[in-house]
Amino acid sequence: MTAPIASKYPHQLKSHGFIRSDDYYWLRDRDNPAVRAYLEAENMHVRDVMVATLSFENKLFKEIKGRIKQTDMSVPYQDGTFRYYRRYEDGKEYPIYCRQVITGSSGEEIVLDVNKVADGLEFCDVSALQVSPNERLLAYAVDTVGRRFYTIKFVDLQTGRELQYSIQDVTANIVWATDSETFFYTRQDPTTLRSYQVYRHRLGTNSQEDQLIFQEHDSTFNCGVGRSRSKRYILVASFQTITTEYRYLDADYPCSDLALFLPRQRGHEYDIDHFDGHFYIRTNKSARNFKLMSTNEKELDPSLWHELISHREDVLIEGYELFRDYLVLEERVEGLSKIRVRKWSDGSNHEIVFDEPAYEVHIDTNRESDTSILRFHYSSMTTPSSVYDYDMTSRERTLLKREDVVGDFNAERYESIRLFAKSSDGVCVPISLVRRRGMTEKSAPLLLYGYGAYGISMEPTFRSSRLSLLDRGFIFAIAHVRGGEEFGRSWYEEGKLLKKKNTFNDFIVCAEHLIAEGYTSNNQLFAMGGSAGGLLMGAVINERPDLFHGVVAQVPFVDVLTTMLDESIPLTTGEYDEWGDPNDLQYYEYIRSYSPYDNINDVTWPHLLVMTGLHDSQVQYWEPAKWVAKRRAIKRDDRRLLLKTNMDAGHGGASGRYQQYRELALQYTFLLDLVGRAK
């Protein structure tokens, strides 16, 4: 079980007159046989170390898989003359997308069987299924590597046959024009993977002749294409962390030129939609937590906009949906998501109320606007994923489907608790926690999860796989640290750029609070986070290696300084407003002070399991590989240090509904074994 040791090849990195030596820079060469051999050796080391628990790991995988209803179907939604849904068949990894005519007695029509698309492939990600307005054609995007380079393919829904041509090396962003013969898609830069071009394609023509209708020249921006609620307009958005800009064209005249809606202004974020002759604008102009405006489609000057929903310091407007008689708002209040319904005719409004201490709710698929029925999704840490229809007039809600958890699951056996930990600057950080009801064990094993970046809030939702930990005496908790957006835009801004360390400090105080309150202890406390949450894991390990017994870092962003200095790496330039541009000395020094790879010390770390994917386009595999290699070179303790690379996947891991649980079973086995419960 000797751990592989990566060879050192000193490489000098120069910035601001400083020279950093990187002995493991060579691991960046994905096509180098020595690199692949090293990653395979690390994978073998994982198997050698975990060999004693392999049978338990397999048992755990079967247990997690066994809770999933093998033959299942989503709640159908209406779109045009059809109801659309997806279903799974017993033993199959991928969904089957289907539809049925709303009126009449026609049977099921298979739109796309992803199992057939994935046949013979190690990885298959099918995305962006778009049915043409005349309901006769399907366009979909497929990635067979995990690098997020997609191929657009087409299916004739009348015959079920796939058309014999495709468009390669594009993103999974597809929008049809009204004529059902023209559609729009985006391409990414082949090096940085930045989505920067919008093309117009006409069915039956050579894609090499497609017309470029927009190109985003600013390297810090991406672009995307969509369609308005009214289906009247094609919308093209340019966006980066703190600035957006929209263009539009009439979907009935797809060869017309794009018109600019409102010029970009640094720091101004807005998004638009169109319905019933009006544009609706969610904007943060003089409104940090956003306000909602509207204007006649022929009166676009901001001086003519009308304020529908005013800015509120304690409420973040996250989204909205437009209906004939109602406006529905997605809001964030005191750390929790809310849905508010407002009547157009008189402005009266009400909130859909829930009685659990921590939960997540959001607007679900609502393709039809001429209705009083709102479909929404609800979940909590004890309530499985649930889909409701809500009558906005009578205020009655109807449960359409709740995720089936196979076995003897009973939600009453578990309890959800909301706690608050006070950070060093006096800010109270919420913790969402779930455990078996009536637990008497003091200082129980506890897994603390965190993310804290991009304004993404960590929702306290249900996962049936988590029961494998809870039923073995674990507590699961989420630290809602700054960098997310649980308490509005200020919560995000206090955890980015030169305030990024607040994210790490918040996570540490949450851990300390859980110990102080007797929920767990140092030798029973574990941490987990992925991507930017993996950066969080690396930072807290360096800051407080004594605090955690074990850590799982999933696709961790741990070589922050080197990555942010390299503009050829995907996502770099577009994230200067998240992490800071290290070409500026102030940001260089700040990032250098917390970047996990640059701050490894010769101290005892927690047991560590690191997960990555060879084809990851967001956090390149070499970041965790270098991090582990550098740590292993100075490691003197007997703590586990494991690196598992999925050689056939990218940022999201395995693609099949069962295969993803193989990786989760390994992670849970790693944790359970460290407290003697892998039995």
# chains A, B, ... in the order shown; residues from 1 in each chain; ligands from 1

call {"tool": "select_by_dssp", "arguments": {"residues": "stretch 292-407 of chain A", "states": "strand (DSSP E)", "output": "NGL selection string"}}
result
:A and (292-296 or 306-309 or 315-322 or 326-333 or 336-343 or 349-351 or 359-363 or 373-380 or 386-391 or 397-402)

call {"tool": "residues_around", "arguments": {"residues": "A:Glu297", "least_positions_apart": "4", "cutoff": "10 Å", "atoms": "only C-alpha atoms", "output": "list of chain:residue names"}}
result
A:His274, A:Phe275, A:Asp276, A:Gly277, A:His278, A:Phe279, A:Tyr280

call {"tool": "closest_residue", "arguments": {"among": "A:Tyr668, A:Tyr661, A:Tyr25, A:Tyr414", "to": "A:Glu93", "atoms": "only C-alpha atoms"}}
result
A:Tyr661

call {"tool": "closest_atom_pairs", "arguments": {"of": "stretch 597-672 of chain A", "to": "stretch 64-74 of chain A", "cutoff": "12 Å", "atoms": "only C-alpha atoms", "output": "Markdown table"}}
result
| residue | atom | partner | partner_atom | distance |
| --- | --- | --- | --- | --- |
| A:Gly656 | CA | A:Lys65 | CA | 11.9 |
| A:Arg657 | CA | A:Lys65 | CA | 9.0 |
| A:Tyr658 | CA | A:Lys65 | CA | 6.7 |
| A:Gln659 | CA | A:Lys65 | CA | 9.6 |
| A:Gln660 | CA | A:Lys65 | CA | 10.0 |
| A:Tyr661 | CA | A:Ile64 | CA | 7.1 |
| A:Arg662 | CA | A:Lys65 | CA | 9.2 |
| A:Glu663 | CA | A:Ile64 | CA | 11.3 |
| A:Leu664 | CA | A:Ile64 | CA | 9.0 |
| A:Ala665 | CA | A:Ile64 | CA | 7.9 |
| A:Leu666 | CA | A:Ile64 | CA | 11.7 |
| A:Tyr668 | CA | A:Ile64 | CA | 10.6 |

call {"tool": "select_by_dssp", "arguments": {"residues": "stretch 292-535 of chain A", "states": "alpha helix (DSSP H)", "output": "list in words"}}
result
Leu467, Ser468, Leu469, Leu470, Arg489, Ser490, Trp491, Tyr492, Glu493, Lys501, Asn502, Thr503, Phe504, Asn505, Asp506, Phe507, Ile508, Val509, Cys510, Ala511, Glu512, His513, Leu514, Ile515, Ala516, Ala532, Gly533, Gly534 and Leu535 of chain A

call {"tool": "atom_distance", "arguments": {"atom1": "atom CA of A:Leu212", "atom2": "atom CA of A:Val142"}}
result
21.9 Å

call {"tool": "residues_around", "arguments": {"residues": "stretch 371-382 of chain A", "least_positions_apart": "5", "cutoff": "9 Å", "atoms": "only C-alpha atoms", "output": "PyMOL selection string"}}
result
chain A and resi 323-326+328+339+356-366+387-393+411-416+432-434+459-463

call {"tool": "write_last_selection", "arguments": {"atoms": "N, CA and C atoms", "output": "compact mmCIF listing (two decimals), in the first residue's frame"}}
result
# COMPACT_ATOMS: atom_id res chain seq x y z
N PHE A 323 -47.79 35.28 -15.31
CA PHE A 323 -49.05 34.64 -15.69
C PHE A 323 -50.06 35.70 -16.11
N ARG A 324 -51.14 35.27 -16.71
CA ARG A 324 -52.16 36.21 -17.18
C ARG A 324 -52.68 37.11 -16.06
N ASP A 325 -52.98 36.51 -14.91
CA ASP A 325 -53.59 37.27 -13.81
C ASP A 325 -52.66 37.48 -12.63
N TYR A 326 -51.48 36.84 -12.66
CA TYR A 326 -50.62 36.88 -11.48
C TYR A 326 -49.15 37.04 -11.85
N VAL A 328 -45.59 35.97 -10.04
CA VAL A 328 -45.06 35.11 -8.97
C VAL A 328 -43.59 35.44 -8.77
N ILE A 339 -41.88 31.92 -1.89
CA ILE A 339 -42.65 32.22 -3.10
C ILE A 339 -43.77 33.18 -2.71
N GLU A 356 -41.74 24.10 8.25
CA GLU A 356 -40.50 23.49 8.71
C GLU A 356 -39.43 24.56 8.95
N PRO A 357 -38.49 24.32 9.87
CA PRO A 357 -37.50 25.35 10.21
C PRO A 357 -36.53 25.67 9.09
N ALA A 358 -36.26 24.70 8.22
CA ALA A 358 -35.35 24.91 7.09
C ALA A 358 -35.88 24.10 5.91
N TYR A 359 -35.92 24.73 4.75
CA TYR A 359 -36.48 24.07 3.57
C TYR A 359 -36.03 24.82 2.33
N GLU A 360 -36.40 24.29 1.16
CA GLU A 360 -36.14 24.96 -0.12
C GLU A 360 -37.38 24.86 -0.96
N VAL A 361 -37.77 25.99 -1.60
CA VAL A 361 -38.92 26.00 -2.49
C VAL A 361 -38.57 26.83 -3.71
N HIS A 362 -39.02 26.39 -4.87
CA HIS A 362 -38.79 27.17 -6.08
C HIS A 362 -39.88 26.90 -7.11
N ILE A 363 -40.04 27.84 -8.04
CA ILE A 363 -40.99 27.69 -9.13
C ILE A 363 -40.53 26.54 -10.02
N ASP A 364 -41.46 25.65 -10.34
CA ASP A 364 -41.14 24.51 -11.21
C ASP A 364 -41.49 24.86 -12.65
N THR A 365 -41.69 23.85 -13.49
CA THR A 365 -41.96 24.08 -14.90
C THR A 365 -43.39 24.57 -15.10
N ASN A 366 -43.51 25.79 -15.63
CA ASN A 366 -44.80 26.39 -15.91
C ASN A 366 -44.76 26.97 -17.32
N VAL A 387 -43.59 17.86 -5.63
CA VAL A 387 -44.10 18.75 -6.66
C VAL A 387 -45.57 19.04 -6.36
N TYR A 388 -45.91 20.34 -6.33
CA TYR A 388 -47.27 20.77 -6.02
C TYR A 388 -47.86 21.59 -7.17
N ASP A 389 -49.16 21.52 -7.31
CA ASP A 389 -49.92 22.50 -8.08
C ASP A 389 -50.63 23.39 -7.07
N TYR A 390 -50.52 24.70 -7.27
CA TYR A 390 -51.08 25.66 -6.33
C TYR A 390 -52.05 26.57 -7.07
N ASP A 391 -53.30 26.58 -6.62
CA ASP A 391 -54.30 27.46 -7.21
C ASP A 391 -54.12 28.85 -6.61
N MET A 392 -53.66 29.78 -7.43
CA MET A 392 -53.34 31.11 -6.91
C MET A 392 -54.59 31.91 -6.53
N THR A 393 -55.75 31.47 -6.98
CA THR A 393 -57.00 32.15 -6.63
C THR A 393 -57.58 31.60 -5.33
N ALA A 411 -40.31 9.74 7.46
CA ALA A 411 -39.76 11.07 7.74
C ALA A 411 -39.80 11.42 9.21
N GLU A 412 -40.72 10.83 9.96
CA GLU A 412 -40.86 11.15 11.38
C GLU A 412 -39.67 10.65 12.20
N ARG A 413 -38.87 9.78 11.64
CA ARG A 413 -37.69 9.29 12.37
C ARG A 413 -36.56 10.31 12.41
N TYR A 414 -36.70 11.39 11.65
CA TYR A 414 -35.61 12.36 11.52
C TYR A 414 -36.10 13.74 11.92
N GLU A 415 -35.18 14.55 12.39
CA GLU A 415 -35.53 15.92 12.75
C GLU A 415 -34.56 16.91 12.13
N SER A 416 -35.11 18.07 11.76
CA SER A 416 -34.32 19.14 11.18
C SER A 416 -34.22 20.27 12.19
N SER A 432 -27.91 24.48 8.99
CA SER A 432 -29.06 23.57 8.85
C SER A 432 -28.58 22.17 9.17
N LEU A 433 -29.31 21.47 10.03
CA LEU A 433 -28.84 20.19 10.55
C LEU A 433 -29.96 19.17 10.51
N VAL A 434 -29.61 17.92 10.20
CA VAL A 434 -30.57 16.83 10.24
C VAL A 434 -29.93 15.63 10.93
N GLU A 459 -28.96 24.94 -0.33
CA GLU A 459 -30.33 24.69 0.10
C GLU A 459 -30.42 23.48 1.04
N PRO A 460 -31.21 23.59 2.09
CA PRO A 460 -31.41 22.46 3.02
C PRO A 460 -32.44 21.48 2.48
N THR A 461 -32.01 20.66 1.54
CA THR A 461 -32.92 19.74 0.85
C THR A 461 -32.69 18.30 1.28
N PHE A 462 -33.56 17.44 0.80
CA PHE A 462 -33.53 16.01 1.13
C PHE A 462 -32.67 15.24 0.13
N ARG A 463 -31.93 14.27 0.62
CA ARG A 463 -31.21 13.32 -0.23
C ARG A 463 -31.39 11.93 0.37

call {"tool": "closest_atom_pairs", "arguments": {"of": "stretch 499-618 of chain A", "to": "stretch 214-221 of chain A", "cutoff": "9 Å", "atoms": "only C-alpha atoms", "output": "JSON lines"}}
result
{"residue": "A:Leu571", "atom": "CA", "partner": "A:Thr220", "partner_atom": "CA", "distance": 8.6}
{"residue": "A:Thr572", "atom": "CA", "partner": "A:Thr220", "partner_atom": "CA", "distance": 8.2}
{"residue": "A:Thr573", "atom": "CA", "partner": "A:Thr220", "partner_atom": "CA", "distance": 4.9}
{"residue": "A:Gly574", "atom": "CA", "partner": "A:Thr220", "partner_atom": "CA", "distance": 4.0}
{"residue": "A:Glu575", "atom": "CA", "partner": "A:Thr220", "partner_atom": "CA", "distance": 7.2}
{"residue": "A:Tyr576", "atom": "CA", "partner": "A:Thr220", "partner_atom": "CA", "distance": 7.6}
{"residue": "A:Asp577", "atom": "CA", "partner": "A:Thr220", "partner_atom": "CA", "distance": 9.0}

call {"tool": "write_last_selection", "arguments": {"atoms": "C-alpha atoms", "output": "short mmCIF file (atom, residue, chain, number, x, y, z; two decimals), in the first residue's frame"}}
result
data_model
loop_
_atom_site.label_atom_id
_atom_site.label_comp_id
_atom_site.auth_asym_id
_atom_site.auth_seq_id
_atom_site.Cartn_x
_atom_site.Cartn_y
_atom_site.Cartn_z
CA LEU A 571 -13.21 30.40 -16.48
CA THR A 572 -10.19 32.49 -15.43
CA THR A 573 -10.90 35.88 -17.00
CA GLY A 574 -14.61 35.65 -16.28
CA GLU A 575 -13.94 35.25 -12.58
CA TYR A 576 -11.75 38.24 -11.83
CA ASP A 577 -14.74 39.84 -10.09
#

call {"tool": "closest_residue", "arguments": {"among": "A:Val117, A:Leu193, A:Leu27, A:Val560", "to": "A:Ser593", "atoms": "only C-alpha atoms"}}
result
A:Val560

call {"tool": "atom_distance", "arguments": {"atom1": "atom CA of A:Gly473", "atom2": "atom CA of A:Leu671"}}
result
11.9 Å

call {"tool": "residues_around", "arguments": {"residues": "stretch 483-490 of chain A", "least_positions_apart": "6", "cutoff": "9 Å", "atoms": "only C-alpha atoms", "output": "PDB file with N, CA and C atoms, in the first residue's frame"}}
result
ATOM      1  N   ARG A 288     -29.541  46.997  -4.419  1.00  0.00           N
ATOM      2  CA  ARG A 288     -28.587  45.898  -4.275  1.00  0.00           C
ATOM      3  C   ARG A 288     -29.253  44.531  -4.290  1.00  0.00           C
ATOM      4  N   ASN A 289     -30.428  44.428  -3.681  1.00  0.00           N
ATOM      5  CA  ASN A 289     -31.152  43.154  -3.648  1.00  0.00           C
ATOM      6  C   ASN A 289     -32.178  43.027  -4.773  1.00  0.00           C
ATOM      7  N   PHE A 290     -32.078  43.906  -5.763  1.00  0.00           N
ATOM      8  CA  PHE A 290     -32.899  43.905  -6.964  1.00  0.00           C
ATOM      9  C   PHE A 290     -34.312  44.441  -6.727  1.00  0.00           C
ATOM     10  N   GLU A 313     -34.222  46.014   1.664  1.00  0.00           N
ATOM     11  CA  GLU A 313     -32.916  45.655   2.216  1.00  0.00           C
ATOM     12  C   GLU A 313     -32.886  44.245   2.775  1.00  0.00           C
ATOM     13  N   ASP A 314     -34.042  43.744   3.199  1.00  0.00           N
ATOM     14  CA  ASP A 314     -34.077  42.432   3.853  1.00  0.00           C
ATOM     15  C   ASP A 314     -34.654  41.334   2.973  1.00  0.00           C
ATOM     16  N   VAL A 315     -34.918  41.638   1.691  1.00  0.00           N
ATOM     17  CA  VAL A 315     -35.498  40.647   0.787  1.00  0.00           C
ATOM     18  C   VAL A 315     -34.752  40.685  -0.546  1.00  0.00           C
ATOM     19  N   LEU A 316     -34.247  39.528  -0.960  1.00  0.00           N
ATOM     20  CA  LEU A 316     -33.583  39.397  -2.248  1.00  0.00           C
ATOM     21  C   LEU A 316     -34.581  38.845  -3.266  1.00  0.00           C
ATOM     22  N   ILE A 317     -34.753  39.538  -4.385  1.00  0.00           N
ATOM     23  CA  ILE A 317     -35.586  39.014  -5.473  1.00  0.00           C
ATOM     24  C   ILE A 317     -34.698  38.131  -6.340  1.00  0.00           C
ATOM     25  N   ARG A 332     -35.744  35.600  -1.307  1.00  0.00           N
ATOM     26  CA  ARG A 332     -34.884  35.027  -0.273  1.00  0.00           C
ATOM     27  C   ARG A 332     -34.999  35.933   0.950  1.00  0.00           C
ATOM     28  N   VAL A 333     -35.510  35.372   2.069  1.00  0.00           N
ATOM     29  CA  VAL A 333     -35.757  36.144   3.280  1.00  0.00           C
ATOM     30  C   VAL A 333     -35.177  35.400   4.478  1.00  0.00           C
ATOM     31  N   GLU A 334     -34.310  36.053   5.211  1.00  0.00           N
ATOM     32  CA  GLU A 334     -33.722  35.478   6.427  1.00  0.00           C
ATOM     33  C   GLU A 334     -33.123  34.103   6.165  1.00  0.00           C
ATOM     34  N   GLY A 335     -32.490  33.977   5.024  1.00  0.00           N
ATOM     35  CA  GLY A 335     -31.770  32.745   4.715  1.00  0.00           C
ATOM     36  C   GLY A 335     -32.587  31.672   4.034  1.00  0.00           C
ATOM     37  N   LEU A 336     -33.900  31.870   3.898  1.00  0.00           N
ATOM     38  CA  LEU A 336     -34.764  30.837   3.321  1.00  0.00           C
ATOM     39  C   LEU A 336     -35.428  31.328   2.038  1.00  0.00           C
ATOM     40  N   SER A 337     -35.684  30.404   1.117  1.00  0.00           N
ATOM     41  CA  SER A 337     -36.373  30.738  -0.119  1.00  0.00           C
ATOM     42  C   SER A 337     -37.877  30.849   0.139  1.00  0.00           C
ATOM     43  N   TYR A 451     -20.003  25.506   0.888  1.00  0.00           N
ATOM     44  CA  TYR A 451     -19.646  25.965  -0.462  1.00  0.00           C
ATOM     45  C   TYR A 451     -19.153  27.408  -0.385  1.00  0.00           C
ATOM     46  N   GLY A 452     -20.040  28.382  -0.434  1.00  0.00           N
ATOM     47  CA  GLY A 452     -19.662  29.756  -0.167  1.00  0.00           C
ATOM     48  C   GLY A 452     -19.011  30.510  -1.302  1.00  0.00           C
ATOM     49  N   ALA A 453     -19.644  30.568  -2.476  1.00  0.00           N
ATOM     50  CA  ALA A 453     -19.078  31.326  -3.597  1.00  0.00           C
ATOM     51  C   ALA A 453     -20.162  31.621  -4.631  1.00  0.00           C
ATOM     52  N   TYR A 454     -19.887  32.593  -5.483  1.00  0.00           N
ATOM     53  CA  TYR A 454     -20.720  32.943  -6.641  1.00  0.00           C
ATOM     54  C   TYR A 454     -22.142  33.366  -6.270  1.00  0.00           C
ATOM     55  N   GLY A 455     -22.405  33.627  -5.012  1.00  0.00           N
ATOM     56  CA  GLY A 455     -23.762  33.969  -4.614  1.00  0.00           C
ATOM     57  C   GLY A 455     -24.713  32.796  -4.682  1.00  0.00           C
ATOM     58  N   ILE A 456     -24.187  31.566  -4.662  1.00  0.00           N
ATOM     59  CA  ILE A 456     -25.016  30.361  -4.722  1.00  0.00           C
ATOM     60  C   ILE A 456     -25.368  29.926  -3.300  1.00  0.00           C
ATOM     61  N   SER A 457     -26.649  29.909  -3.010  1.00  0.00           N
ATOM     62  CA  SER A 457     -27.096  29.510  -1.672  1.00  0.00           C
ATOM     63  C   SER A 457     -27.170  27.989  -1.577  1.00  0.00           C
ATOM     64  N   MET A 458     -26.733  27.454  -0.471  1.00  0.00           N
ATOM     65  CA  MET A 458     -26.803  26.018  -0.222  1.00  0.00           C
ATOM     66  C   MET A 458     -28.167  25.688   0.403  1.00  0.00           C
ATOM     67  N   GLU A 459     -28.958  24.941  -0.330  1.00  0.00           N
ATOM     68  CA  GLU A 459     -30.329  24.694   0.099  1.00  0.00           C
ATOM     69  C   GLU A 459     -30.421  23.481   1.036  1.00  0.00           C
ATOM     70  N   LYS A 496     -16.325  37.468  -0.901  1.00  0.00           N
ATOM     71  CA  LYS A 496     -15.639  37.426  -2.191  1.00  0.00           C
ATOM     72  C   LYS A 496     -14.510  38.450  -2.193  1.00  0.00           C
ATOM     73  N   LYS A 500     -12.763  37.368   0.987  1.00  0.00           N
ATOM     74  CA  LYS A 500     -12.969  35.932   0.789  1.00  0.00           C
ATOM     75  C   LYS A 500     -12.722  35.130   2.059  1.00  0.00           C
ATOM     76  N   ASN A 502     -13.664  35.582   4.918  1.00  0.00           N
ATOM     77  CA  ASN A 502     -14.860  35.446   5.749  1.00  0.00           C
ATOM     78  C   ASN A 502     -15.525  34.090   5.528  1.00  0.00           C
ATOM     79  N   THR A 503     -15.479  33.596   4.279  1.00  0.00           N
ATOM     80  CA  THR A 503     -16.052  32.282   3.971  1.00  0.00           C
ATOM     81  C   THR A 503     -15.400  31.201   4.818  1.00  0.00           C
TER      82      THR A 503
END

call {"tool": "closest_residue", "arguments": {"among": "A:Asn32, A:Gln667, A:Asn542, A:Gln168", "to": "A:Asp598", "atoms": "only C-alpha atoms"}}
result
A:Asn542

call {"tool": "closest_residue", "arguments": {"among": "A:Ala3, A:Leu39, A:Val540, A:Cys510", "to": "A:Met647", "atoms": "only C-alpha atoms"}}
result
A:Leu39

call {"tool": "atom_distance", "arguments": {"atom1": "atom CA of A:Arg247", "atom2": "atom CA of A:Ser132"}}
result
22.1 Å

call {"tool": "closest_atom_pairs", "arguments": {"of": "stretch 501-592 of chain A", "to": "stretch 603-619 of chain A", "cutoff": "6 Å", "atoms": "only C-alpha atoms", "output": "Markdown table"}}
result
| residue | atom | partner | partner_atom | distance |
| --- | --- | --- | --- | --- |
| A:Pro545 | CA | A:Trp605 | CA | 5.2 |
| A:Phe548 | CA | A:Pro606 | CA | 5.8 |
| A:His549 | CA | A:Pro606 | CA | 5.0 |
| A:Gly550 | CA | A:His607 | CA | 4.4 |
| A:Val551 | CA | A:Leu608 | CA | 5.0 |
| A:Val552 | CA | A:Leu609 | CA | 4.9 |
| A:Ala553 | CA | A:Val610 | CA | 4.8 |
| A:Gln554 | CA | A:Met611 | CA | 4.7 |
| A:Val555 | CA | A:Thr612 | CA | 4.5 |
| A:Phe557 | CA | A:Val619 | CA | 5.8 |

call {"tool": "closest_residue", "arguments": {"among": "A:Arg264, A:Arg631, A:Arg466, A:Arg194", "to": "A:Arg435", "atoms": "only C-alpha atoms"}}
result
A:Arg466

call {"tool": "closest_atom_pairs", "arguments": {"of": "stretch 556-589 of chain A", "to": "stretch 170-192 of chain A", "cutoff": "7 Å", "atoms": "only C-alpha atoms", "output": "JSON lines"}}
result
{"residue": "A:Ser568", "atom": "CA", "partner": "A:Thr192", "partner_atom": "CA", "distance": 5.5}
{"residue": "A:Ile569", "atom": "CA", "partner": "A:Thr192", "partner_atom": "CA", "distance": 5.3}
{"residue": "A:Pro570", "atom": "CA", "partner": "A:Thr192", "partner_atom": "CA", "distance": 3.9}
{"residue": "A:Leu571", "atom": "CA", "partner": "A:Thr192", "partner_atom": "CA", "distance": 6.7}

call {"tool": "write_last_selection", "arguments": {"atoms": "N, CA and C atoms", "output": "mmCIF file, in the first residue's frame"}}
result
data_model
loop_
_atom_site.group_PDB
_atom_site.id
_atom_site.type_symbol
_atom_site.label_atom_id
_atom_site.label_comp_id
_atom_site.auth_asym_id
_atom_site.auth_seq_id
_atom_site.Cartn_x
_atom_site.Cartn_y
_atom_site.Cartn_z
ATOM 1 N N SER A 568 -5.345 31.397 -20.179
ATOM 2 C CA SER A 568 -5.692 30.341 -21.139
ATOM 3 C C SER A 568 -6.551 29.254 -20.516
ATOM 4 N N ILE A 569 -6.667 29.263 -19.194
ATOM 5 C CA ILE A 569 -7.435 28.241 -18.494
ATOM 6 C C ILE A 569 -8.908 28.626 -18.483
ATOM 7 N N PRO A 570 -9.812 27.687 -18.745
ATOM 8 C CA PRO A 570 -11.238 27.994 -18.721
ATOM 9 C C PRO A 570 -11.675 28.675 -17.425
ATOM 10 N N LEU A 571 -12.545 29.654 -17.562
ATOM 11 C CA LEU A 571 -13.207 30.398 -16.483
ATOM 12 C C LEU A 571 -12.358 31.512 -15.874
#

call {"tool": "residues_around", "arguments": {"residues": "A:Asp271", "least_positions_apart": "3", "cutoff": "10 Å", "atoms": "only C-alpha atoms", "output": "PDB file with C-alpha atoms, in the first residue's frame"}}
result
ATOM      1  CA  LEU A 235     -32.921  37.073 -26.199  1.00  0.00           C
ATOM      2  CA  ALA A 237     -27.407  37.915 -22.987  1.00  0.00           C
ATOM      3  CA  PHE A 239     -22.887  38.427 -18.679  1.00  0.00           C
ATOM      4  CA  THR A 244     -25.087  42.039 -17.863  1.00  0.00           C
ATOM      5  CA  GLU A 245     -26.311  43.272 -21.228  1.00  0.00           C
ATOM      6  CA  TYR A 246     -29.204  42.085 -23.417  1.00  0.00           C
ATOM      7  CA  TYR A 280     -40.046  43.025 -17.444  1.00  0.00           C
ATOM      8  CA  ILE A 281     -36.679  43.902 -15.968  1.00  0.00           C
ATOM      9  CA  ARG A 282     -35.134  42.584 -12.746  1.00  0.00           C
ATOM     10  CA  THR A 283     -32.406  45.117 -12.002  1.00  0.00           C
ATOM     11  CA  ASN A 284     -29.957  46.001  -9.246  1.00  0.00           C
ATOM     12  CA  LEU A 292     -38.669  44.575 -10.652  1.00  0.00           C
ATOM     13  CA  GLY A 319     -36.584  35.312  -9.924  1.00  0.00           C
TER      14      GLY A 319
END

call {"tool": "closest_residue", "arguments": {"among": "A:Ile352, A:Ile478, A:Ala527, A:Val429", "to": "A:Ile417", "atoms": "only C-alpha atoms"}}
result
A:Ile478
